[in-house]
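Novice: The structure file structure_13.csv (CSV, C-alpha atoms) is provided below.
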```csv
chain,number,residue,atom,x,y,z
A,1,MET,CA,35.5,-138.1,189.2
A,2,PHE,CA,38.9,-139.4,188.2
A,3,ALA,CA,38.1,-143.0,188.9
A,4,SER,CA,35.0,-143.1,186.7
A,5,PHE,CA,36.7,-141.1,184.0
A,6,ARG,CA,39.6,-143.5,183.9
A,7,VAL,CA,37.2,-146.2,182.8
A,8,VAL,CA,36.0,-144.1,179.9
A,9,VAL,CA,39.5,-143.2,178.9
A,10,LEU,CA,40.5,-146.9,179.0
A,11,ALA,CA,37.6,-147.7,176.7
A,12,LEU,CA,38.6,-144.8,174.4
A,13,VAL,CA,42.2,-145.7,173.9
A,14,CYS,CA,41.4,-149.4,173.5
A,15,LEU,CA,39.8,-148.6,170.1
A,16,VAL,CA,42.8,-149.8,168.1
A,17,ILE,CA,43.0,-148.7,164.5
A,18,PRO,CA,46.0,-150.2,162.6
A,19,VAL,CA,48.5,-147.8,161.1
A,20,GLN,CA,51.8,-148.5,159.5
A,21,ALA,CA,54.9,-147.8,161.6
A,22,GLY,CA,57.5,-145.2,160.7
A,23,PRO,CA,57.6,-141.4,160.5
A,24,THR,CA,54.3,-140.0,159.2
A,25,PRO,CA,52.5,-136.7,159.1
A,26,VAL,CA,50.4,-136.1,162.2
A,27,PHE,CA,47.7,-133.6,163.2
A,28,THR,CA,48.5,-131.4,166.2
A,29,TYR,CA,46.8,-132.3,169.4
A,30,GLU,CA,46.0,-128.7,170.2
A,31,SER,CA,44.0,-128.3,167.0
A,32,MET,CA,42.1,-131.5,167.8
A,33,LEU,CA,41.3,-130.4,171.4
A,34,ASN,CA,40.0,-127.1,170.0
A,35,MET,CA,37.7,-128.6,167.4
A,36,TYR,CA,34.1,-127.3,167.6
A,37,PHE,CA,31.8,-129.4,169.8
A,38,ASP,CA,28.2,-128.5,170.6
A,39,ASP,CA,27.3,-130.1,173.9
A,40,ASP,CA,23.6,-129.4,173.5
A,41,SER,CA,23.1,-131.0,170.1
A,42,GLY,CA,26.0,-133.4,169.7
A,43,LEU,CA,27.4,-131.6,166.7
A,44,ILE,CA,31.1,-131.8,165.9
A,45,ARG,CA,32.5,-129.4,163.3
A,46,ILE,CA,36.0,-129.9,161.7
A,47,THR,CA,37.7,-126.8,160.5
A,48,ASN,CA,41.2,-125.5,159.9
A,49,MET,CA,43.3,-128.4,161.3
A,50,ASP,CA,47.0,-128.1,161.7
A,51,MET,CA,49.4,-130.8,160.5
A,52,ALA,CA,53.1,-131.4,161.4
A,53,PHE,CA,55.5,-133.1,159.1
A,54,ALA,CA,53.3,-132.2,156.2
A,55,PRO,CA,54.1,-133.8,152.8
A,56,GLU,CA,55.2,-131.5,150.0
A,57,GLY,CA,52.8,-130.7,147.2
A,58,GLU,CA,49.2,-131.6,147.3
A,59,ILE,CA,48.0,-133.6,150.4
A,60,ASN,CA,45.4,-136.3,150.2
A,61,ALA,CA,43.9,-135.9,153.7
A,62,ALA,CA,40.6,-136.8,155.2
A,63,VAL,CA,38.8,-137.1,158.6
A,64,ALA,CA,36.3,-139.8,159.7
A,65,LEU,CA,34.1,-140.4,162.7
A,66,VAL,CA,34.5,-144.0,163.8
A,67,ASP,CA,32.3,-145.9,166.4
A,68,SER,CA,33.3,-148.4,169.0
A,69,GLU,CA,33.2,-151.2,166.5
A,70,ASN,CA,35.6,-149.4,164.2
A,71,THR,CA,32.8,-148.7,161.7
A,72,VAL,CA,33.2,-145.4,159.8
A,73,ILE,CA,30.0,-143.4,160.4
A,74,LYS,CA,30.9,-140.5,158.1
A,75,SER,CA,34.0,-138.9,156.5
A,76,TYR,CA,35.1,-135.7,154.8
A,77,LYS,CA,38.1,-134.7,152.7
A,78,PHE,CA,40.4,-131.7,153.1
A,79,TYR,CA,41.4,-129.5,150.2
A,80,PRO,CA,44.7,-130.9,148.8
A,81,ASP,CA,46.4,-127.5,148.9
A,82,PRO,CA,47.0,-126.3,152.5
A,83,ARG,CA,45.7,-122.9,153.5
A,84,TRP,CA,49.1,-122.0,155.0
A,85,ARG,CA,52.5,-123.6,155.3
A,86,GLU,CA,55.4,-122.8,157.6
A,87,GLY,CA,58.4,-125.2,157.7
A,88,VAL,CA,57.1,-128.7,158.5
A,89,TYR,CA,53.6,-127.4,159.4
A,90,ALA,CA,50.5,-127.0,157.2
A,91,ARG,CA,46.9,-125.8,158.0
A,92,MET,CA,44.4,-128.0,156.2
A,93,THR,CA,41.0,-126.6,155.2
A,94,GLU,CA,38.0,-129.0,155.1
A,95,VAL,CA,35.8,-129.5,152.1
A,96,GLY,CA,32.9,-128.3,154.1
A,97,PRO,CA,30.9,-128.0,156.0
A,98,ALA,CA,32.5,-131.0,157.6
A,99,GLU,CA,30.1,-131.9,160.4
A,100,PHE,CA,29.3,-135.0,162.4
A,101,ASN,CA,26.0,-135.2,164.3
A,102,VAL,CA,26.4,-137.5,167.2
A,103,THR,CA,23.2,-138.3,169.1
A,104,GLU,CA,23.8,-141.8,170.4
A,105,PRO,CA,25.7,-141.9,173.7
A,106,GLY,CA,28.8,-144.0,173.5
A,107,VAL,CA,32.5,-144.0,172.6
A,108,TYR,CA,33.9,-142.7,169.3
A,109,ASN,CA,37.1,-141.8,167.6
A,110,ILE,CA,37.7,-138.9,165.2
A,111,VAL,CA,40.4,-140.3,162.9
A,112,PHE,CA,42.6,-138.3,160.5
A,113,LEU,CA,44.0,-140.0,157.4
A,114,ILE,CA,46.6,-139.3,154.8
A,115,ASP,CA,46.4,-141.3,151.6
A,116,GLY,CA,43.7,-143.4,153.3
A,117,LYS,CA,45.9,-144.4,156.2
A,118,PRO,CA,45.1,-143.3,159.8
A,119,VAL,CA,47.8,-140.9,161.2
A,120,SER,CA,46.1,-139.3,164.2
A,121,ARG,CA,43.0,-140.0,166.3
A,122,PHE,CA,41.1,-138.1,168.9
A,123,PRO,CA,38.9,-140.3,171.2
A,124,ILE,CA,35.7,-138.9,172.6
A,125,ALA,CA,32.6,-140.1,174.5
A,126,LEU,CA,29.1,-138.7,174.4
A,127,GLU,CA,26.9,-138.8,177.4
A,128,GLN,CA,23.2,-137.8,177.6
A,129,THR,CA,22.4,-135.1,180.1
A,130,SER,CA,18.7,-134.8,179.5
A,131,ALA,CA,16.2,-137.4,178.2
A,132,GLY,CA,13.9,-134.7,176.8
A,133,ASP,CA,11.1,-135.8,179.1
A,134,ASP,CA,10.4,-132.3,180.4
A,135,PRO,CA,7.1,-131.3,178.8
A,136,PHE,CA,8.1,-127.6,178.9
A,137,ASP,CA,11.5,-128.3,177.3
A,138,PRO,CA,11.2,-131.7,175.4
A,139,VAL,CA,14.7,-131.7,174.0
A,140,LYS,CA,17.4,-134.3,174.5
A,141,THR,CA,20.8,-132.8,175.5
A,142,TYR,CA,24.3,-134.2,175.5
A,143,ARG,CA,27.8,-133.6,176.7
A,144,PHE,CA,31.1,-134.6,175.3
A,145,ILE,CA,33.9,-135.9,177.5
A,146,GLY,CA,37.4,-137.0,176.6
A,147,MET,CA,41.0,-135.8,176.5
A,148,TRP,CA,40.1,-132.3,177.6
A,149,GLN,CA,40.1,-133.8,181.1
A,150,VAL,CA,43.4,-135.4,180.7
A,151,PHE,CA,45.8,-133.0,178.9
A,152,GLY,CA,47.3,-129.6,179.5
A,153,ASN,CA,50.6,-128.1,178.5
A,154,LEU,CA,53.3,-125.6,179.5
A,155,THR,CA,54.4,-122.9,177.1
A,156,MET,CA,56.9,-120.1,177.8
A,157,ASN,CA,56.1,-116.5,178.5
A,158,THR,CA,58.7,-113.9,179.3
A,159,TRP,CA,59.2,-111.4,182.1
A,160,LYS,CA,62.2,-109.0,182.0
A,161,ASP,CA,63.6,-111.0,179.1
A,162,GLU,CA,63.5,-114.3,181.1
A,163,GLU,CA,61.2,-117.3,180.5
A,164,PHE,CA,58.5,-118.5,182.8
A,165,PRO,CA,56.1,-121.4,182.1
A,166,GLU,CA,52.5,-120.7,181.6
A,167,LEU,CA,49.8,-123.4,182.1
A,168,ASN,CA,47.3,-124.0,179.4
A,169,LEU,CA,44.4,-126.4,180.1
A,170,TRP,CA,40.8,-127.1,179.0
A,171,LEU,CA,37.9,-126.6,181.4
A,172,GLY,CA,34.1,-126.8,181.0
A,173,GLY,CA,30.7,-127.6,182.5
A,174,ARG,CA,31.6,-131.0,183.7
A,175,ASP,CA,34.3,-129.4,186.0
A,176,LEU,CA,31.6,-127.4,187.8
A,177,ALA,CA,29.7,-128.4,190.9
A,178,ASP,CA,26.1,-129.6,190.2
A,179,GLY,CA,23.8,-126.8,189.5
A,180,GLU,CA,26.6,-124.2,189.0
A,181,THR,CA,27.1,-122.3,185.8
A,182,LYS,CA,30.5,-120.6,186.6
A,183,ASP,CA,33.4,-120.8,189.0
A,184,MET,CA,37.1,-120.0,189.4
A,185,PHE,CA,40.0,-122.4,189.6
A,186,ALA,CA,43.4,-122.3,191.3
A,187,ALA,CA,46.7,-123.8,190.2
A,188,THR,CA,49.1,-124.9,192.9
A,189,LEU,CA,52.6,-126.2,192.3
A,190,LYS,CA,54.3,-128.4,194.9
A,191,ARG,CA,57.8,-129.8,195.3
A,192,ASP,CA,58.1,-132.7,197.9
A,193,GLY,CA,54.6,-131.6,199.3
A,194,LYS,CA,55.6,-128.0,199.8
A,195,VAL,CA,53.8,-125.2,197.9
A,196,VAL,CA,56.4,-123.4,195.8
A,197,ALA,CA,54.1,-121.4,193.5
A,198,HIS,CA,50.4,-120.7,192.9
A,199,SER,CA,48.1,-118.7,190.7
A,200,LYS,CA,46.6,-115.4,191.7
A,201,GLU,CA,43.2,-115.4,193.5
A,202,THR,CA,41.9,-112.9,191.1
A,203,GLN,CA,42.5,-115.1,188.1
A,204,GLY,CA,41.1,-118.3,186.7
A,205,PHE,CA,37.5,-118.1,185.6
A,206,PHE,CA,35.6,-120.8,183.7
A,207,SER,CA,32.0,-121.5,183.0
A,208,ASP,CA,29.4,-124.0,181.8
A,209,GLY,CA,29.3,-125.5,178.3
A,210,HIS,CA,31.9,-127.3,176.3
A,211,TYR,CA,35.6,-127.3,177.3
A,212,GLU,CA,37.5,-124.2,176.4
A,213,GLU,CA,41.2,-123.6,176.4
A,214,THR,CA,42.4,-121.2,179.2
A,215,GLU,CA,45.7,-120.2,180.5
A,216,ILE,CA,47.1,-119.2,183.8
A,217,SER,CA,50.4,-118.1,185.3
A,218,LEU,CA,52.0,-119.2,188.5
A,219,TYR,CA,53.8,-116.9,191.0
A,220,HIS,CA,55.9,-117.2,194.1
A,221,PRO,CA,53.7,-117.7,197.2
A,222,HIS,CA,51.9,-114.4,198.2
A,223,GLU,CA,48.8,-113.1,199.9
A,224,LYS,CA,45.9,-111.8,197.9
A,225,LYS,CA,46.8,-108.2,198.8
A,226,GLY,CA,50.2,-108.8,197.4
A,227,SER,CA,49.0,-110.0,194.0
A,228,PRO,CA,49.9,-106.8,192.0
A,229,ASN,CA,53.6,-107.2,193.0
A,230,ALA,CA,53.7,-111.0,192.9
A,231,MET,CA,56.9,-112.4,191.2
A,232,PRO,CA,56.4,-114.9,188.4
A,233,TYR,CA,57.7,-118.4,189.1
A,234,MET,CA,60.5,-118.4,186.5
A,235,LEU,CA,61.7,-121.3,184.4
A,236,SER,CA,64.9,-121.3,186.5
A,237,ASP,CA,62.7,-121.8,189.6
A,238,TRP,CA,61.0,-124.8,188.0
A,239,THR,CA,64.2,-126.4,186.9
A,240,GLY,CA,66.6,-125.5,189.7
A,241,THR,CA,66.2,-129.0,191.3
A,242,ASP,CA,65.7,-132.3,189.6
A,243,GLY,CA,62.7,-134.3,190.6
A,244,VAL,CA,58.9,-134.4,190.2
A,245,LEU,CA,56.7,-131.3,190.6
A,246,LYS,CA,53.0,-131.8,191.3
A,247,LEU,CA,50.6,-129.2,189.7
A,248,ASP,CA,47.1,-129.4,191.1
A,249,ILE,CA,44.0,-127.6,189.7
A,250,THR,CA,41.2,-127.0,192.2
A,251,ARG,CA,37.8,-125.3,192.2
A,252,ARG,CA,37.9,-122.2,194.3
A,253,SER,CA,34.3,-122.6,195.5
A,254,ASP,CA,34.9,-125.8,197.3
A,255,GLY,CA,38.5,-126.8,196.9
A,256,LYS,CA,37.7,-129.9,194.9
A,257,LEU,CA,40.5,-131.3,192.8
A,258,ILE,CA,39.7,-131.3,189.1
A,259,ARG,CA,43.2,-131.9,187.6
A,260,SER,CA,46.4,-133.2,188.9
A,261,PHE,CA,49.5,-132.9,186.6
A,262,THR,CA,53.1,-134.0,187.2
A,263,VAL,CA,56.1,-132.2,185.8
A,264,ARG,CA,59.4,-134.1,185.6
A,265,ILE,CA,62.7,-132.2,185.8
A,266,GLU,CA,65.9,-134.0,184.7
A,267,ASP,CA,69.3,-132.5,184.1
A,268,GLY,CA,67.8,-129.0,184.8
A,269,LYS,CA,65.2,-129.3,182.1
A,270,ILE,CA,61.4,-129.9,181.9
A,271,GLN,CA,60.9,-133.3,180.3
A,272,HIS,CA,58.5,-134.1,177.5
A,273,LEU,CA,55.9,-136.9,177.9
A,274,ASN,CA,56.8,-140.2,176.2
A,275,LEU,CA,53.8,-139.5,174.0
A,276,SER,CA,55.8,-136.7,172.4
A,277,ALA,CA,58.8,-138.9,171.4
A,278,LEU,CA,59.0,-139.3,167.6
A,279,ASP,CA,59.3,-143.0,167.9
A,280,TYR,CA,56.3,-143.3,170.2
A,281,GLU,CA,54.0,-146.3,169.4
A,282,PRO,CA,51.2,-146.5,168.4
A,283,HIS,CA,52.1,-143.5,166.4
A,284,ILE,CA,48.5,-142.7,165.9
A,285,ASP,CA,48.5,-141.4,169.5
A,286,TYR,CA,51.7,-139.3,169.1
A,287,VAL,CA,51.3,-135.8,170.6
A,288,VAL,CA,53.1,-133.1,168.8
A,289,PRO,CA,55.2,-131.0,171.3
A,290,ARG,CA,54.3,-127.8,169.6
A,291,VAL,CA,51.2,-125.5,169.7
A,292,ASP,CA,50.1,-122.5,167.7
A,293,ASP,CA,52.1,-119.3,168.5
A,294,ASP,CA,49.3,-117.0,169.8
A,295,SER,CA,51.8,-114.2,170.3
A,296,SER,CA,52.4,-113.8,166.6
A,297,GLN,CA,50.1,-112.6,163.8
A,298,ASN,CA,51.9,-115.0,161.5
A,299,TYR,CA,51.3,-118.7,161.1
A,300,GLY,CA,53.8,-120.5,163.4
A,301,PHE,CA,54.3,-122.8,166.3
A,302,VAL,CA,56.2,-122.8,169.7
A,303,GLU,CA,57.4,-125.6,171.9
A,304,ALA,CA,54.9,-127.0,174.4
A,305,PHE,CA,55.5,-129.4,177.3
A,306,TRP,CA,52.3,-131.6,177.4
A,307,LEU,CA,51.1,-132.7,180.8
A,308,LYS,CA,48.7,-135.6,181.7
A,309,SER,CA,46.3,-135.5,184.6
A,310,GLU,CA,46.5,-138.5,187.0
```
Can you give me the file's structure in the form of structure tokens?
Specialist:
Amino acid sequence: MFASFRVVVLALVCLVIPVQAGPTPVFTYESMLNMYFDDDSGLIRITNMDMAFAPEGEINAAVALVDSENTVIKSYKFYPDPRWREGVYARMTEVGPAEFNVTEPGVYNIVFLIDGKPVSRFPIALEQTSAGDDPFDPVKTYRFIGMWQVFGNLTMNTWKDEEFPELNLWLGGRDLADGETKDMFAATLKRDGKVVAHSKETQGFFSDGHYEETEISLYHPHEKKGSPNAMPYMLSDWTGTDGVLKLDITRRSDGKLIRSFTVRIEDGKIQHLNLSALDYEPHIDYVVPRVDDDSSQNYGFVEAFWLKSE
């Protein structure tokens, strides 16, 4: 799966769209990953997108669907006054409904613009899963693939007032075995080939359909019967030794590897990806190292350490 998907990813990221260098507003990667995609119809709906380094005052923002030839298929504007603001962040509301209907298999980019200049992009590909040649169900169906299969992140939870990393990732129908509609997944953390932490056997459900964000915690090695008393793998456990940790995600039904992340520890700290450096180029692919703070009822963000699957 990984070999074939790398070819698609290479095609996606090679769609170069010029953008001026320098600090610019960007849309958060989490809000792009969580846009609405209908795998059956090919519909994409843009709604309530979060921006970092938002300009003051009214914001001239737009979103466009661009094909593999860099041709704009359709575009929509956002209302100039953000729905919410908090520090450098702003939530932009679309002048809607902002919907793209993608029915031609191929490679596309969803491009976000400020003052007509691209600032962020989200590459996707559409594959056809049914030709509609079934006389009893003559409907063509599709499936989106893209960065959901590449990215995950770590955010901090707490236990007894101490932090422990929690894994957030996106799973969907393409991660299931053929003919299956649901499964479970396991997360296993290794240092120098030795298992140092893993998820509980009773956790980690996912199902058919488009990719959905899910989270899972890791614990010190334990048997299934010991799950209720399993100890979280604390941040101090992750960072106690410098080096590279390997975080594998497998299907429980057959053990198939579906994600393989690496986590780099230097100077006793989890390191951010180069993609999250403010001077990263091309800046249009910059990944904001912050995600929505789900633990709060207020609009706000927390630090996230993004991971890339190999």
Novice: Could you list as a PyMOL selection string every residue that has an atom within 8 Å of (32.4, -132.5, 164.2), using the file's coordinates and counting only C-alpha atoms?
Specialist: chain A and resi 35-37+43-46+98-101
Novice: Around (57.4, -123.0, 173.2) in the file's frame, which residues reach within 7 Å when counting all atoms listed in the file? Return as an NGL selection string?
Specialist: :A and (155-156 or 290 or 302-304)
Novice: Separation of atom CA of A:Thr28 and atom CA of A:Pro282, in Å?
Specialist: 15.5 Å
Novice: When you look at stretch 236-251 of chain A with a cut-off of 8 Å (counting only C-alpha atoms), what residues show up, excluding the ones that are within fewer than 5 positions of it in the same chain? I need them as a PDB file with C-alpha atoms, in the coordinates of the input.
Specialist:
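part.pdb written:
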```pdb
ATOM      1  CA  PHE A 164      58.500-118.500 182.800  1.00  0.00           C
ATOM      2  CA  LEU A 176      31.600-127.400 187.800  1.00  0.00           C
ATOM      3  CA  ASP A 183      33.400-120.800 189.000  1.00  0.00           C
ATOM      4  CA  MET A 184      37.100-120.000 189.400  1.00  0.00           C
ATOM      5  CA  PHE A 185      40.000-122.400 189.600  1.00  0.00           C
ATOM      6  CA  ALA A 186      43.400-122.300 191.300  1.00  0.00           C
ATOM      7  CA  ALA A 187      46.700-123.800 190.200  1.00  0.00           C
ATOM      8  CA  THR A 188      49.100-124.900 192.900  1.00  0.00           C
ATOM      9  CA  LEU A 189      52.600-126.200 192.300  1.00  0.00           C
ATOM     10  CA  LYS A 190      54.300-128.400 194.900  1.00  0.00           C
ATOM     11  CA  ARG A 191      57.800-129.800 195.300  1.00  0.00           C
ATOM     12  CA  ASP A 192      58.100-132.700 197.900  1.00  0.00           C
ATOM     13  CA  LYS A 256      37.700-129.900 194.900  1.00  0.00           C
ATOM     14  CA  LEU A 257      40.500-131.300 192.800  1.00  0.00           C
ATOM     15  CA  ILE A 258      39.700-131.300 189.100  1.00  0.00           C
ATOM     16  CA  ARG A 259      43.200-131.900 187.600  1.00  0.00           C
ATOM     17  CA  SER A 260      46.400-133.200 188.900  1.00  0.00           C
ATOM     18  CA  PHE A 261      49.500-132.900 186.600  1.00  0.00           C
ATOM     19  CA  THR A 262      53.100-134.000 187.200  1.00  0.00           C
ATOM     20  CA  VAL A 263      56.100-132.200 185.800  1.00  0.00           C
ATOM     21  CA  ARG A 264      59.400-134.100 185.600  1.00  0.00           C
ATOM     22  CA  ILE A 265      62.700-132.200 185.800  1.00  0.00           C
ATOM     23  CA  GLU A 266      65.900-134.000 184.700  1.00  0.00           C
ATOM     24  CA  ASP A 267      69.300-132.500 184.100  1.00  0.00           C
ATOM     25  CA  GLY A 268      67.800-129.000 184.800  1.00  0.00           C
ATOM     26  CA  LYS A 269      65.200-129.300 182.100  1.00  0.00           C
ATOM     27  CA  ILE A 270      61.400-129.900 181.900  1.00  0.00           C
TER      28      ILE A 270
END
```
Novice: Let me make sure I understand: among A:Gly106, A:Pro118, A:Pro123, A:Gly132, which one has the smallest atom-to-atom distance to A:Ala62 if we use all atoms listed in the file?
Specialist: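 Under the stated criterion, the closest residue is A:Pro118.
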Novice: Nearest residue to A:Ser120 out of A:Thr24, A:Ser75, A:Asn274, A:Thr202, using all atoms listed in the file?
Specialist: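 Using all atoms listed in the file, the shortest distance to A:Ser120 belongs to A:Thr24.
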